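Structure file structure-v2.cif; described as mmCIF, C-alpha atoms.
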data_run
loop_
_atom_site.label_atom_id
_atom_site.label_comp_id
_atom_site.auth_asym_id
_atom_site.auth_seq_id
_atom_site.Cartn_x
_atom_site.Cartn_y
_atom_site.Cartn_z
CA MET A 1 -34.74 -3.32 -19.36
CA LYS A 2 -33.11 -5.02 -22.33
CA CYS A 3 -33.91 -8.62 -23.14
CA PRO A 4 -31.24 -11.34 -22.59
CA ALA A 5 -31.06 -12.13 -26.33
CA PHE A 6 -30.13 -8.51 -27.07
CA LEU A 7 -27.49 -8.50 -24.33
CA ASN A 8 -25.96 -11.75 -25.65
CA LEU A 9 -25.87 -10.37 -29.20
CA HIS A 10 -24.29 -7.13 -27.95
CA LYS A 11 -21.70 -9.07 -25.92
CA LYS A 12 -20.88 -11.23 -28.99
CA MET A 13 -20.47 -8.17 -31.20
CA GLU A 14 -18.12 -6.54 -28.71
CA LYS A 15 -15.75 -9.50 -28.91
CA GLU A 16 -15.76 -9.61 -32.71
CA LEU A 17 -12.94 -7.44 -34.10
CA ILE A 18 -13.11 -8.90 -37.60
CA SER A 19 -16.29 -10.16 -39.22
CA ILE A 20 -16.88 -13.90 -39.27
CA GLU A 21 -17.01 -13.79 -43.10
CA VAL A 22 -13.59 -12.12 -43.36
CA SER A 23 -12.16 -14.43 -40.69
CA GLU A 24 -13.51 -17.51 -42.46
CA ASN A 25 -12.03 -16.34 -45.76
CA GLU A 26 -8.65 -15.74 -44.10
CA TRP A 27 -8.58 -19.24 -42.54
CA ARG A 28 -9.85 -20.88 -45.75
CA THR A 29 -7.12 -19.09 -47.74
CA PHE A 30 -4.43 -20.18 -45.28
CA LEU A 31 -5.60 -23.80 -45.42
CA THR A 32 -5.66 -23.73 -49.21
CA GLU A 33 -2.19 -22.19 -49.42
CA ASN A 34 -0.87 -24.90 -47.09
CA ASP A 35 -2.49 -27.84 -48.93
CA ALA A 36 -4.83 -28.51 -46.01
CA GLU A 37 -8.16 -28.21 -47.84
CA SER A 38 -9.30 -31.44 -46.22
CA LEU A 39 -9.83 -29.40 -43.03
CA ILE A 40 -12.41 -27.21 -44.78
CA PRO A 41 -15.93 -28.55 -44.24
CA GLY A 42 -17.86 -29.07 -47.45
CA GLU A 43 -21.52 -29.94 -47.86
CA SER A 44 -23.21 -31.78 -45.01
CA PRO A 45 -23.35 -35.47 -46.01
CA SER A 46 -26.41 -37.66 -45.59
CA ASP A 47 -24.50 -40.71 -44.35
CA GLU A 48 -24.43 -40.79 -40.52
CA LYS A 49 -20.76 -41.81 -40.19
CA GLU A 50 -19.65 -39.16 -42.67
CA ARG A 51 -21.85 -36.61 -40.88
CA GLU A 52 -19.95 -37.18 -37.60
CA GLU A 53 -16.66 -36.50 -39.38
CA TYR A 54 -18.18 -33.46 -41.09
CA ASN A 55 -19.46 -32.07 -37.77
CA ALA A 56 -16.04 -32.53 -36.14
CA LYS A 57 -14.36 -30.81 -39.09
CA LYS A 58 -16.91 -27.97 -39.03
CA THR A 59 -16.44 -27.49 -35.27
CA GLY A 60 -12.66 -27.27 -35.61
CA PHE A 61 -12.91 -24.90 -38.57
CA SER A 62 -15.39 -22.67 -36.72
CA ARG A 63 -13.24 -22.64 -33.59
CA VAL A 64 -10.30 -21.07 -35.45
CA VAL A 65 -12.57 -18.71 -37.42
CA LYS A 66 -14.05 -17.37 -34.15
CA ALA A 67 -10.55 -16.97 -32.70
CA ILE A 68 -9.48 -14.98 -35.77
CA SER A 69 -12.58 -12.78 -35.53
CA ARG A 70 -11.78 -12.01 -31.89
CA GLY A 71 -8.12 -11.22 -32.56
CA GLN A 72 -6.89 -14.31 -30.71
CA VAL A 73 -5.37 -15.79 -33.87
CA ILE A 74 -3.45 -13.63 -36.31
CA ILE A 75 -2.07 -14.80 -39.64
CA GLU A 76 0.68 -12.69 -41.18
CA ASN A 77 3.07 -13.73 -43.92
CA GLY A 78 2.30 -17.42 -43.37
CA VAL A 79 2.99 -17.22 -39.63
CA ILE A 80 0.19 -17.90 -37.16
CA THR A 81 0.21 -16.24 -33.76
CA GLN A 82 -2.25 -17.45 -31.15
CA LYS A 83 -2.77 -15.11 -28.20
CA LEU A 84 -3.60 -17.26 -25.20
CA GLN A 85 -6.89 -16.42 -23.47
CA TYR A 86 -5.35 -17.77 -20.29
CA PRO A 87 -1.64 -16.88 -20.18
CA ILE A 88 0.63 -19.12 -18.13
CA THR A 89 2.17 -17.43 -15.13
CA GLY A 90 5.09 -18.35 -12.93
CA LYS A 91 4.49 -19.87 -9.50
CA ASP A 92 6.25 -17.33 -7.34
CA ASN A 93 5.53 -13.82 -8.58
CA GLY A 94 2.76 -14.35 -11.12
CA THR A 95 4.95 -13.15 -13.98
CA VAL A 96 3.57 -14.17 -17.38
CA VAL A 97 5.69 -17.02 -18.72
CA LEU A 98 3.73 -17.69 -21.91
CA ASP A 99 1.04 -15.50 -23.45
CA LYS A 100 1.15 -16.55 -27.10
CA LEU A 101 2.14 -19.35 -29.40
CA VAL A 102 3.88 -18.46 -32.65
CA PHE A 103 3.68 -21.19 -35.27
CA ASN A 104 6.64 -20.31 -37.45
CA GLN A 105 9.22 -23.05 -36.97
CA ARG A 106 10.28 -24.94 -40.03
CA VAL A 107 9.64 -28.67 -39.77
CA ALA A 108 11.25 -31.33 -41.90
CA VAL A 109 9.53 -34.51 -42.98
CA ARG A 110 11.91 -36.41 -40.73
CA ASP A 111 10.78 -34.38 -37.70
CA ARG A 112 7.17 -35.31 -38.35
CA GLU A 113 8.12 -38.96 -38.88
CA ASP A 114 10.07 -39.01 -35.60
CA ILE A 115 7.18 -37.48 -33.67
CA PHE A 116 4.59 -39.92 -35.00
CA LYS A 117 6.82 -43.02 -35.12
CA GLY A 118 5.13 -45.85 -33.24
CA VAL A 119 2.05 -43.79 -32.33
CA ASN A 120 -1.08 -45.91 -32.16
CA ASN A 121 -3.76 -43.76 -33.83
CA LYS A 122 -6.45 -45.59 -31.86
CA ASP A 123 -4.91 -44.57 -28.52
CA SER A 124 -6.08 -41.00 -27.84
CA GLY A 125 -3.39 -40.49 -25.17
CA GLU A 126 -0.63 -41.30 -27.66
CA VAL A 127 -2.19 -39.09 -30.32
CA LEU A 128 -2.54 -36.14 -27.92
CA LEU A 129 1.06 -36.52 -26.79
CA ALA A 130 2.26 -36.64 -30.40
CA GLN A 131 0.18 -33.56 -31.16
CA ARG A 132 1.78 -31.70 -28.23
CA LYS A 133 5.25 -32.75 -29.44
CA PHE A 134 4.38 -31.43 -32.88
CA CYS A 135 3.11 -28.16 -31.37
CA ALA A 136 6.37 -27.84 -29.44
CA LYS A 137 8.33 -28.37 -32.65
CA LEU A 138 6.25 -25.78 -34.55
CA THR A 139 6.34 -23.13 -31.81
CA GLY A 140 9.67 -23.74 -30.11
CA VAL A 141 7.85 -23.91 -26.75
CA ASP A 142 8.84 -26.66 -24.31
CA MET A 143 6.40 -29.59 -24.04
CA ILE A 144 6.15 -29.23 -20.26
CA LEU A 145 5.02 -25.63 -20.65
CA LEU A 146 2.55 -26.62 -23.38
CA GLY A 147 1.07 -29.13 -20.94
CA LYS A 148 0.02 -26.16 -18.78
CA VAL A 149 -1.94 -24.45 -21.56
CA ASP A 150 -5.64 -24.10 -20.73
CA LEU A 151 -7.92 -26.52 -22.58
CA LYS A 152 -9.80 -23.64 -24.29
CA ASP A 153 -6.52 -22.40 -25.77
CA ALA A 154 -5.35 -25.94 -26.57
CA LYS A 155 -8.49 -26.63 -28.62
CA ILE A 156 -7.50 -23.77 -30.91
CA SER A 157 -3.81 -24.70 -31.09
CA ASP A 158 -4.77 -28.32 -31.85
CA GLN A 159 -6.63 -27.11 -34.93
CA ILE A 160 -3.65 -25.03 -36.03
CA VAL A 161 -1.25 -27.92 -35.51
CA SER A 162 -3.47 -30.19 -37.59
CA VAL A 163 -2.75 -28.01 -40.64
CA PHE A 164 0.85 -29.16 -40.51
CA PHE A 165 -0.08 -32.86 -40.34
CA MET A 166 -1.18 -32.65 -43.96
#
Any chance you could give the structure as structure tokens?
Amino acid sequence: MKCPAFLNLHKKMEKELISIEVSENEWRTFLTENDAESLIPGESPSDEKEREEYNAKKTGFSRVVKAISRGQVIIENGVITQKLQYPITGKDNGTVVLDKLVFNQRVAVRDREDIFKGVNNKDSGEVLLAQRKFCAKLTGVDMILLGKVDLKDAKISDQIVSVFFM
């Protein structure tokens, strides 16, 4: 009988289509090319407040890197495609309504200003709504449909959307 640690490692390796190192390099390159280097975690700071920010940044960065390694996020010619782990299906016949998000829409400065106009950054509900509006603008997917995206998928798309905040 094989030990649980071996089985977990084997299961992890099965999911990985691209190495973590290659995936990390791909995401780091994309962030650099899009002037979003502030999303790349640097050295772990000693200050507690800065460490919280660092840990959040590292978690977000790692989330996208893992998705790239598993083939859930693909970057080609500056366009990001996120394959949803949990596709959205229609009510009646179970037909898939949305199985991927393609971040390729051009966004003007004015669009971003309109989306974030009057948003209170201290109100998480307002920030999340603005982020969904921005995702809708970047992907061309209706906000109502985006509201049905599973939280696991949304955590990845939130990180992708944050690149375009910069």
- Apply the PyMOL selection byres ((chain A and resi 101) around 7) to the structure shown and report the selected residues as a ChimeraX atom specification. /A:81-83,100,102-103,139
- Convert the output of the PyMOL selection byres ((chain A and resi 130) around 12) on the shown file into explicit residues, formatted as JSON, numbers by chain. {"A": [111, 112, 113, 114, 115, 116, 117, 118, 119, 120, 121, 123, 124, 125, 126, 127, 128, 129, 131, 132, 133, 134, 135, 136, 137, 143, 158, 161, 162, 165]}
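Atom CA of Ile80 of chain A is found 8.2 Å from atom CA of Ile160 of chain A.
Applied to the file shown here, the PyMOL selection byres ((chain A and resi 86-93) around 10) selects the residues Lys83, Leu84, Gln85, Gly94, Thr95, Val96, Val97, Leu98, Asp99, Lys100, Leu145, Leu146, Lys148, Val149, Asp150, Leu151, Lys152 and Asp153 of chain A.
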Next, the residues of the selection above should be written as a compact mmCIF listing (two decimals), in the coordinates of the input with C-alpha atoms.
# COMPACT_ATOMS: atom_id res chain seq x y z
CA LYS A 83 -2.77 -15.11 -28.20
CA LEU A 84 -3.60 -17.26 -25.20
CA GLN A 85 -6.89 -16.42 -23.47
CA GLY A 94 2.76 -14.35 -11.12
CA THR A 95 4.95 -13.15 -13.98
CA VAL A 96 3.57 -14.17 -17.38
CA VAL A 97 5.69 -17.02 -18.72
CA LEU A 98 3.73 -17.69 -21.91
CA ASP A 99 1.04 -15.50 -23.45
CA LYS A 100 1.15 -16.55 -27.10
CA LEU A 145 5.02 -25.63 -20.65
CA LEU A 146 2.55 -26.62 -23.38
CA LYS A 148 0.02 -26.16 -18.78
CA VAL A 149 -1.94 -24.45 -21.56
CA ASP A 150 -5.64 -24.10 -20.73
CA LEU A 151 -7.92 -26.52 -22.58
CA LYS A 152 -9.80 -23.64 -24.29
CA ASP A 153 -6.52 -22.40 -25.77
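Nearest-residue note for Glu24 of chain A: choosing from A:Lys58, A:Ser69, A:Gln159, A:Lys49, the minimum distance belongs to A:Ser69, counting only C-alpha atoms.
For the pair atom CA of Arg63 of chain A and atom CA of Gly140 of chain A, the interatomic distance is 23.2 Å.
Of note, atom CA of Asn55 of chain A and atom CA of Val163 of chain A are spaced 17.4 Å apart.
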- Item | Spatial neighbours of Pro41 of chain A, 10 Å, only C-alpha atoms, chain gap at least 4 places, as a ChimeraX atom specification | /A:28,37,53-62
Export C-alpha atoms of the chosen residues as an mmCIF file, in the frame of the given file?
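Written out: again.cif:
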data_model
loop_
_atom_site.group_PDB
_atom_site.id
_atom_site.type_symbol
_atom_site.label_atom_id
_atom_site.label_comp_id
_atom_site.auth_asym_id
_atom_site.auth_seq_id
_atom_site.Cartn_x
_atom_site.Cartn_y
_atom_site.Cartn_z
ATOM 1 C CA ARG A 28 -9.850 -20.880 -45.750
ATOM 2 C CA GLU A 37 -8.160 -28.210 -47.840
ATOM 3 C CA GLU A 53 -16.660 -36.500 -39.380
ATOM 4 C CA TYR A 54 -18.180 -33.460 -41.090
ATOM 5 C CA ASN A 55 -19.460 -32.070 -37.770
ATOM 6 C CA ALA A 56 -16.040 -32.530 -36.140
ATOM 7 C CA LYS A 57 -14.360 -30.810 -39.090
ATOM 8 C CA LYS A 58 -16.910 -27.970 -39.030
ATOM 9 C CA THR A 59 -16.440 -27.490 -35.270
ATOM 10 C CA GLY A 60 -12.660 -27.270 -35.610
ATOM 11 C CA PHE A 61 -12.910 -24.900 -38.570
ATOM 12 C CA SER A 62 -15.390 -22.670 -36.720
#
If we count only C-alpha atoms, what is near Trp27 of chain A at a cut-off of 9 Å, once residues fewer than 6 positions away on the same chain are taken out, given as a short mmCIF file (atom, residue, chain, number, x, y, z; two decimals) with C-alpha atoms, in the coordinates of the input?
data_model
loop_
_atom_site.label_atom_id
_atom_site.label_comp_id
_atom_site.auth_asym_id
_atom_site.auth_seq_id
_atom_site.Cartn_x
_atom_site.Cartn_y
_atom_site.Cartn_z
CA PHE A 61 -12.91 -24.90 -38.57
CA VAL A 64 -10.30 -21.07 -35.45
CA VAL A 65 -12.57 -18.71 -37.42
CA ILE A 68 -9.48 -14.98 -35.77
CA ILE A 75 -2.07 -14.80 -39.64
#
